[in-house]
Every structure is written in C-alpha cells, then in structure tokens.
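Content type compact mmCIF, C-alpha atoms, from the file upload.txt:
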```txt
# COMPACT_ATOMS: atom_id res chain seq x y z
CA MET C 1318 99.87 -86.00 24.68
CA ALA C 1319 98.11 -85.65 21.32
CA GLU C 1320 101.41 -86.39 19.57
CA ASP C 1321 101.79 -89.61 21.58
CA ARG C 1322 98.31 -90.76 20.49
CA ALA C 1323 99.06 -89.88 16.86
CA ASP C 1324 102.34 -91.82 17.05
CA ALA C 1325 100.58 -94.82 18.60
CA ARG C 1326 97.91 -94.76 15.88
CA ALA C 1327 100.47 -94.50 13.08
CA GLY C 1328 102.67 -97.18 14.66
CA LEU C 1329 100.77 -100.10 13.16
CA ARG C 1330 101.30 -98.85 9.63
CA GLN C 1331 104.95 -97.89 9.88
CA GLY C 1332 107.88 -100.03 8.75
CA PRO C 1333 106.73 -103.61 8.09
CA GLY C 1334 103.20 -102.48 8.94
CA ARG C 1335 103.10 -100.65 5.59
CA LEU C 1336 103.73 -103.89 3.77
CA LEU C 1337 101.03 -105.63 5.83
CA VAL C 1338 98.52 -102.86 5.06
CA THR C 1339 99.37 -103.09 1.36
CA LEU C 1340 99.12 -106.88 1.19
CA TYR C 1341 95.95 -107.06 3.26
CA GLY C 1342 94.46 -104.30 1.08
CA ILE C 1343 95.28 -106.25 -2.07
CA PHE C 1344 93.85 -109.44 -0.58
CA THR C 1345 90.72 -107.55 0.48
CA VAL C 1346 90.08 -106.32 -3.06
CA GLY C 1347 90.98 -109.67 -4.64
CA ALA C 1348 88.96 -111.87 -2.29
CA THR C 1349 85.98 -109.50 -2.32
CA SER C 1350 85.79 -109.24 -6.10
CA ARG C 1351 86.31 -112.98 -6.53
CA SER C 1352 83.68 -113.94 -3.95
CA VAL C 1353 81.10 -111.42 -5.19
CA TYR C 1354 81.48 -112.74 -8.73
CA GLN C 1355 81.33 -116.38 -7.60
CA LEU C 1356 78.41 -115.88 -5.23
CA THR C 1357 76.34 -114.02 -7.82
CA THR C 1358 77.09 -116.13 -10.89
CA ARG C 1359 78.10 -119.64 -9.77
CA PHE C 1360 76.85 -120.12 -6.21
CA ASP C 1361 75.27 -123.52 -6.94
CA GLU C 1362 78.60 -124.97 -8.17
CA ALA C 1363 80.52 -124.66 -4.88
CA PRO C 1364 78.58 -122.76 -2.21
CA LEU C 1365 80.89 -123.67 0.67
CA ALA C 1366 84.01 -122.52 -1.17
CA TYR C 1367 82.42 -119.26 -2.27
CA VAL C 1368 81.03 -118.41 1.16
CA LEU C 1369 84.44 -119.14 2.71
CA SER C 1370 86.06 -116.80 0.18
CA ALA C 1371 83.60 -114.09 1.26
CA VAL C 1372 84.46 -114.73 4.91
CA ALA C 1373 88.16 -114.41 4.05
CA ALA C 1374 87.42 -111.09 2.31
CA LEU C 1375 85.67 -109.77 5.44
CA VAL C 1376 88.55 -110.83 7.66
CA TYR C 1377 91.07 -109.18 5.32
CA ALA C 1378 89.04 -105.97 5.24
CA PHE C 1379 88.79 -105.86 9.04
CA ILE C 1380 92.52 -106.35 9.45
CA THR C 1381 93.30 -103.71 6.81
CA VAL C 1382 91.06 -101.13 8.46
CA SER C 1383 92.43 -101.97 11.92
CA LEU C 1384 96.03 -101.55 10.78
CA ILE C 1385 95.21 -98.24 9.12
CA ARG C 1386 93.21 -96.98 12.10
CA GLY C 1387 95.92 -97.82 14.61
CA GLY C 1388 95.74 -97.49 18.37
CA GLU C 1389 95.57 -100.14 21.06
CA ASN C 1390 91.96 -101.22 20.46
CA ALA C 1391 92.59 -101.60 16.73
CA ARG C 1392 95.79 -103.53 17.46
CA ARG C 1393 93.89 -105.93 19.72
CA GLY C 1394 91.12 -106.37 17.13
CA ALA C 1395 93.66 -107.02 14.38
CA LEU C 1396 95.44 -109.52 16.64
CA VAL C 1397 92.21 -111.49 17.16
CA ALA C 1398 91.38 -111.29 13.45
CA CYS C 1399 94.87 -112.51 12.44
CA ALA C 1400 94.54 -115.44 14.85
CA ALA C 1401 91.10 -116.25 13.41
CA GLU C 1402 92.50 -115.95 9.89
CA LEU C 1403 95.34 -118.34 10.70
CA ALA C 1404 92.88 -120.80 12.23
CA GLY C 1405 90.71 -120.51 9.10
CA VAL C 1406 93.63 -121.07 6.74
CA LEU C 1407 94.83 -124.10 8.69
CA THR C 1408 91.32 -125.55 9.00
CA VAL C 1409 90.26 -124.97 5.40
CA GLY C 1410 93.71 -125.92 4.10
CA THR C 1411 93.63 -129.25 5.92
CA TRP C 1412 89.96 -129.86 5.05
CA SER C 1413 90.56 -129.13 1.35
CA LEU C 1414 93.41 -131.65 1.26
CA ALA C 1415 91.59 -134.30 3.31
CA ASP C 1416 88.25 -134.01 1.46
CA PRO C 1417 88.80 -132.44 -1.98
CA ASP C 1418 85.20 -133.26 -2.96
CA ALA C 1419 83.98 -130.73 -0.39
CA PHE C 1420 85.71 -128.01 -2.43
CA PRO C 1421 84.88 -128.43 -6.13
CA ASP C 1422 86.35 -124.95 -6.57
CA ALA C 1423 89.19 -123.42 -4.57
CA THR C 1424 88.91 -120.77 -1.89
CA VAL C 1425 91.56 -118.26 -0.92
CA TRP C 1426 92.48 -120.59 1.94
CA SER C 1427 92.34 -123.93 0.07
CA ASP C 1428 95.54 -125.96 0.18
CA TYR C 1429 96.92 -123.42 2.66
CA GLY C 1430 96.73 -120.67 0.04
CA GLN C 1431 98.71 -122.52 -2.62
CA GLY C 1432 96.94 -120.60 -5.39
CA TYR C 1433 98.15 -117.38 -3.80
CA LEU C 1434 101.80 -118.43 -3.29
CA TYR C 1435 100.99 -119.50 0.30
CA LEU C 1436 100.62 -115.85 1.32
CA PRO C 1437 97.31 -116.62 3.08
CA VAL C 1438 99.20 -118.77 5.62
CA VAL C 1439 102.26 -116.50 5.86
CA LEU C 1440 100.37 -113.22 6.18
CA PRO C 1441 98.57 -113.90 9.49
CA VAL C 1442 101.79 -115.22 11.04
CA ALA C 1443 103.61 -112.05 9.97
CA GLY C 1444 100.67 -109.99 11.22
CA LEU C 1445 100.63 -111.70 14.61
CA LEU C 1446 104.37 -111.19 15.03
CA TRP C 1447 104.16 -107.52 13.99
CA LEU C 1448 101.20 -106.79 16.26
CA ARG C 1449 102.90 -108.43 19.25
CA ARG C 1450 106.07 -106.47 18.52
CA ARG C 1451 104.11 -103.20 18.35
CA ARG C 1452 102.51 -103.95 21.71
CA ALA C 1453 105.89 -104.53 23.31
CA ALA C 1454 107.19 -101.30 21.76
CA SER C 1455 104.22 -99.28 23.00
CA GLN C 1456 104.53 -100.73 26.51
CA ALA C 1457 108.24 -99.95 26.59
CA ALA C 1458 107.46 -96.32 25.68
CA LEU C 1459 105.13 -95.89 28.69
CA PRO C 1460 106.59 -93.94 31.63
```
Re-express the file's structure as structure tokens.
Amino acid sequence: MAEDRADARAGLRQGPGRLLVTLYGIFTVGATSRSVYQLTTRFDEAPLAYVLSAVAALVYAFITVSLIRGGENARRGALVACAAELAGVLTVGTWSLADPDAFPDATVWSDYGQGYLYLPVVLPVAGLLWLRRRRAASQAALP
C-alpha cells in the first residue's frame, strides 16, 4: 500500500514529467528574478507588465511544486494551474498584440511568449496533456 502511494506521488515527475518539472523550475526562477528586479527598480515604467510577470512566476512555482509533490490532489491542483496559465497566456498574448501601448515592456506571456520561444504557450498544453494522461494511468491501475 505504501509502495502504491509512493509510485503515485513519483508518477507526475517520471518520464515527460521530469522535463516539465525542469522547464517549470527554470521558468519559476527566471520569471521570479525578472519580476522582482522589475517591480523593485522600474515599477513606474510598466506596472501592469511587471505585476503580470510576478503572477506568472507564482503560477510556475505552484505547478513546479505540485509536479514534484505528486499524488492525486497535487495533480488536480497542477491541472487547474496549467489551465489558468494557458488562459493567462492566451489573454495577455492577445491583449499585448491588440493594445501594445498597454504593455510598454514585455511580460513572460506577451505575444504568446514570443520572447521565450513560445514555450509559455506550449508548456501548459504539454502539462495539461501529461496530467490527463497520468490520471488515466492511475485510474487504470486501480483494482
């Protein structure tokens, strides 16, 4: 029984989950350091962009911790966070293209993550697919 719980917890960070943990970890560090610097030194230049970068950092950190933690509750939390991240990327990406004056400086999610090789729009899609796949695998393993 304890082995089954340990396997379920590790399941989110195995295989492609390792890559997701690594990428989300990198994005957490990058977005956090960028937003802290911008918020503390240049907040008056583009407050909306800098606050949105901080929000992105929080979302990335939550997903990273959830993937590392594992288990069904963490999987569900990560699923909701990935969906929120995707909604944020699509909203901010569209907004930044439609009204560039609203974003005098870019966020992680501006232009659908163009400054980050579009990984901000690809990552939540990959995360959603992986988390759904892990749920199906855990349900199939139930007696």
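Distance check against Ala1419 of chain C using all atoms listed in the file: of C:Ala1366, C:Leu1336, C:Val1382, C:Ala1443, the minimum falls on C:Ala1366.
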Next item on the list: Excluding segment 1347-1358 of chain C and residues on its chain fewer than 3 positions from it, collect all residues at most 8 Å away from it, counting all atoms listed in the file, and give them as a VMD selection string.
Entry: chain C and resid 1343 to 1344 1364 1367 to 1368 1370 to 1371 1373 to 1375 1425
Just need the box for segment 1349-1361 of chain C, edges along x, y and z, holding every atom the file lists for it with 4 Å tacked onto each side, so centre and edge lengths in Å to one decimal, as JSON.
```
{"center_x": 80.8, "center_y": -116.4, "center_z": -6.6, "size_x": 19.0, "size_y": 22.3, "size_z": 16.6}
```
Notebook entry, point to check: Could you name the residues that touch Gly1342 of chain C at 8 Å or less, counting all atoms listed in the file, but leaving out those on the same chain fewer than 3 positions away, as a PyMOL selection string?
Noted result: chain C and resi 1338-1339+1345-1346+1377-1378+1381
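Between Val1409 of chain C and the residues C:Leu1446, C:Gly1430, C:Asp1422, C:Arg1393, the shortest atom-to-atom distance, using only C-alpha atoms, involves C:Gly1430.
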Checklist line | Atom-to-atom span, atom CA of Glu1389 of chain C and atom CA of Arg1451 of chain C, Å | finding: 9.5 Å
Notebook entry, point to check: Around (97.0, -118.6, 11.2) in the file's frame, which residues reach within 7 Å when counting all atoms listed in the file? Return as a PyMOL selection string?
Noted result: chain C and resi 1399-1407+1438+1441-1442
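When atom CA of Leu1440 of chain C is paired with atom CA of Tyr1341 of chain C, their separation reads 8.1 Å.
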Next item on the list: Kindly give the distance, in Å, that separates atom CA of Pro1437 of chain C and atom CA of Ser1383 of chain C, rounded to a single decimal.
Entry: 17.8 Å
